[in-house]
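K.L.:
Below is one structure. I have some questions about it.
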Amino acid sequence: MAGYLVVAAVVGAGVLLFVAAMTARRLLAPRAPWAAKLTTYESGVDPVGVGWAQTKVRYFVFSFLYVIFAVDAIYLFPWATVLRSADLGRASLVEMGIFIGVIVLGLAHAARRGLLRWV
Amino acid sequence: MSPWLEAVVRAVAVLAAFLSLPLLVGQTEHKVMAHMQGRLGPMYAGGFHGWAQLVADGVKFVQKEDVVPARADRGVFRLAPAVALIPYLVALSVIPLSPTVVGATLDASVVLVLAVIGVGIIGTLMAGWASANKYSLLGGMRAAAQLVSYELPMVLAVASVALAAGTLSIVGIAEAWSPWWLLWQAPGAFVFLVAALAELQRPPFDMPVADSEIVFGPYTEYSGLRFAFFLLAEYAGIVVMSLLFAVLFLGGWAGPFESWLGWLWTLLKGFAVAVVMIWMRVSWPRMREDQLQRLAWVWLVPIALLQLALTAVGVVMTS
């Protein structure tokens with residue numbers, strides 16, 4: 001647990017760094033806001049509409065694939081610690097091979113259907 | 001020493017490393033890029049070859065006005081730099097320079113490092129969304145696309161070395177390292193390096209901040225110290241990724257007199273990896289968004305999975 005105490009202290013140090021730096025900025029930096037300065041930057045012309053526009057998220061298929069593989073990757077880490085044991089090693093290798101094989105089949109299917117192409 | 005006091009001392013040491021190593025990498029980048037492009041780079045600040053340029057930049061940034069656009073989502077906009085920066089500090093705290101020179105010793109440190117590095121990208125997404133700027137939004141979307149594609153090969157490459165060592169502790173992985181991993185884990189190392197560049201949004205994977213297309217992507221609206229914090233996060237990211245590569249794939253402190261010079265070998269190996277990252281920035285053009293996605297899913301993920309198979313079969317054969 002001592003290790004996690006240090007990690008918590010490091011997070012605290014990071015927050016402190018940010019707060020201290022922002023305090024220093026508040027003391028040193030000028031503040032002179034006016035309407036033109038606070039306008040959204042749009043290459044020098046007046047902004048058209050709002051910035052939060054509707055966009056087509058073209059990579060949502062990649063996100064689905066990512067979620068599937070990310071869950072798969074979580075299973076890999078506990079497997080790493082048991083692969084050397086005499087009774088689990090070989091059996092777990094075969095099981096993991098089948099598990100990843102099924103997922104790779106899915107990836108190959110997605111690729112063949114043209115889903116890995118950016119439309 | 002009481003555990004509380006020790007934790008504070010260690011956190012201060014990690015903070016000192018976090019504030020000095022990125023400056024070293026930044027100055028190296030100035031100089032290496034300049035010489036590769038046949039120019040001098042900074043020469044005046046501090047006298048000797050402009051060594052104090054980045055310190056001067058920092059002093060300048062603190063004195064700049066911090067502009068928050070009227071349209072922006074103020075709270076998220078102001079918080080984003082901290083969310084981008086602090087994860088790399090936490091990641092640095094568990095990366096060992098030698099078995100004794102390490103901020104925090106954990107059993108599953110490799111999992112913690114991957115988890116917190118993933119959090120850092122959220123800072124970029126927050127910046128992209130909260131700016132209420134079209135360039136920022138596009139850049140944020142590109143950053144998200146890059147994250148979902150490159151996080152995976154990186155995790156798989158790290159899982160491969162964890163498998164080869166049979167432990168989830170970074171110190172344990174580096175201690176299990178032997179020179180023949182350079183061959184055995186070579187595909188994984190290649191995948192890790194490419195994915196690390198993409199995670200850091202460094203050229204040739206700098207689509208999210210492509211200056212000729214979307215100004216500076218998610219950071220377009222930032223100014224002053226908050227902008228400087230995003231830059232610091234990028235260089236801290238280079239330090240974290242380079243040291244991680246050195247420890248996981250190059251044996252970290254393995255070298256002559258490693259009992260008392262080990263920390264130096266880790267730093268030197270990490271520094272060499274950082275120079276390679278700078279070199280790639282100078283020598284390669286930016287990739288297109290679709291090429292970037294294709295590279296990840298058609299090449300890196302299959303290579304990383306093959307590497308996993310190679311590692312697993314190797315471990316079972318030899319044990």
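Quick note on naming: the chains in the structure tokens go A, B, ... in the order shown, residues restart at 1 in each chain, and ligands are numbered from 1 in order of appearance.
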Give the residues of chain B that lie within 6 Å of chain A; count only C-alpha atoms, and format the answer as a list in words.

P.N.:
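Residues satisfying the distance criterion: Ala7, Ala11, Val62, Gln63, Lys64, Glu65, Pro69, Ala70, Ile86, Ala104, Thr105, Leu106, Ala132, Asn133, Lys134, Val148, Leu163, Gly166, Thr167 and Asp290 of chain B.
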
K.L.:
Show me, as a count of residues only, the residues that have an atom within 9 Å of Gly140 of chain B when counting only C-alpha atoms, minus same-chain residues fewer than 3 positions from it.

P.N.:
16

K.L.:
Pick out the residues sitting within 9 Å of segment 25-38 of chain B, and hand them over as a list of chain:residue names; count only C-alpha atoms, and ignore anything fewer than 6 positions along from it in its own chain.

P.N.:
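My reading of the contact set: B:His49, B:Gly50, B:Trp51, B:Ala52, B:Gln53, B:Leu54, B:Leu232, B:Tyr235, B:Ala236, B:Ile238, B:Val239, B:Phe271, B:Ala274, B:Val275, B:Ile278, B:Trp279, B:Arg281, B:Val282, B:Ser283.
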
K.L.:
Determine which residues of chain A receive a DSSP assignment of alpha helix (DSSP H), computed from the backbone, and state them as a PyMOL selection string.

P.N.:
chain A and resi 2-28+60-82+89-112

K.L.:
Need the shell around Arg286 of chain B: protein/DNA/RNA residues with any atom at most 8 Å away, counting only C-alpha atoms. Skip same-chain ones fewer than 4 positions apart. Format as a count of residues only?

P.N.:
5

K.L.:
Set the distance at 9 Å and use only C-alpha atoms: which residues neighbour Ala13 of chain B once local chain neighbours fewer than 5 positions away are removed? I'd like the list as a list in words.

P.N.:
Val8, Phe18 and Gly103 of chain B

K.L.:
What's around Ala198 of chain B at 9 Å? Count only C-alpha atoms, leave out sequence neighbours fewer than 3 positions away in its own chain, and write the answer as an MDAnalysis selection string.

P.N.:
chainID B and resid 146:147 150:151 193:195 201:206 292
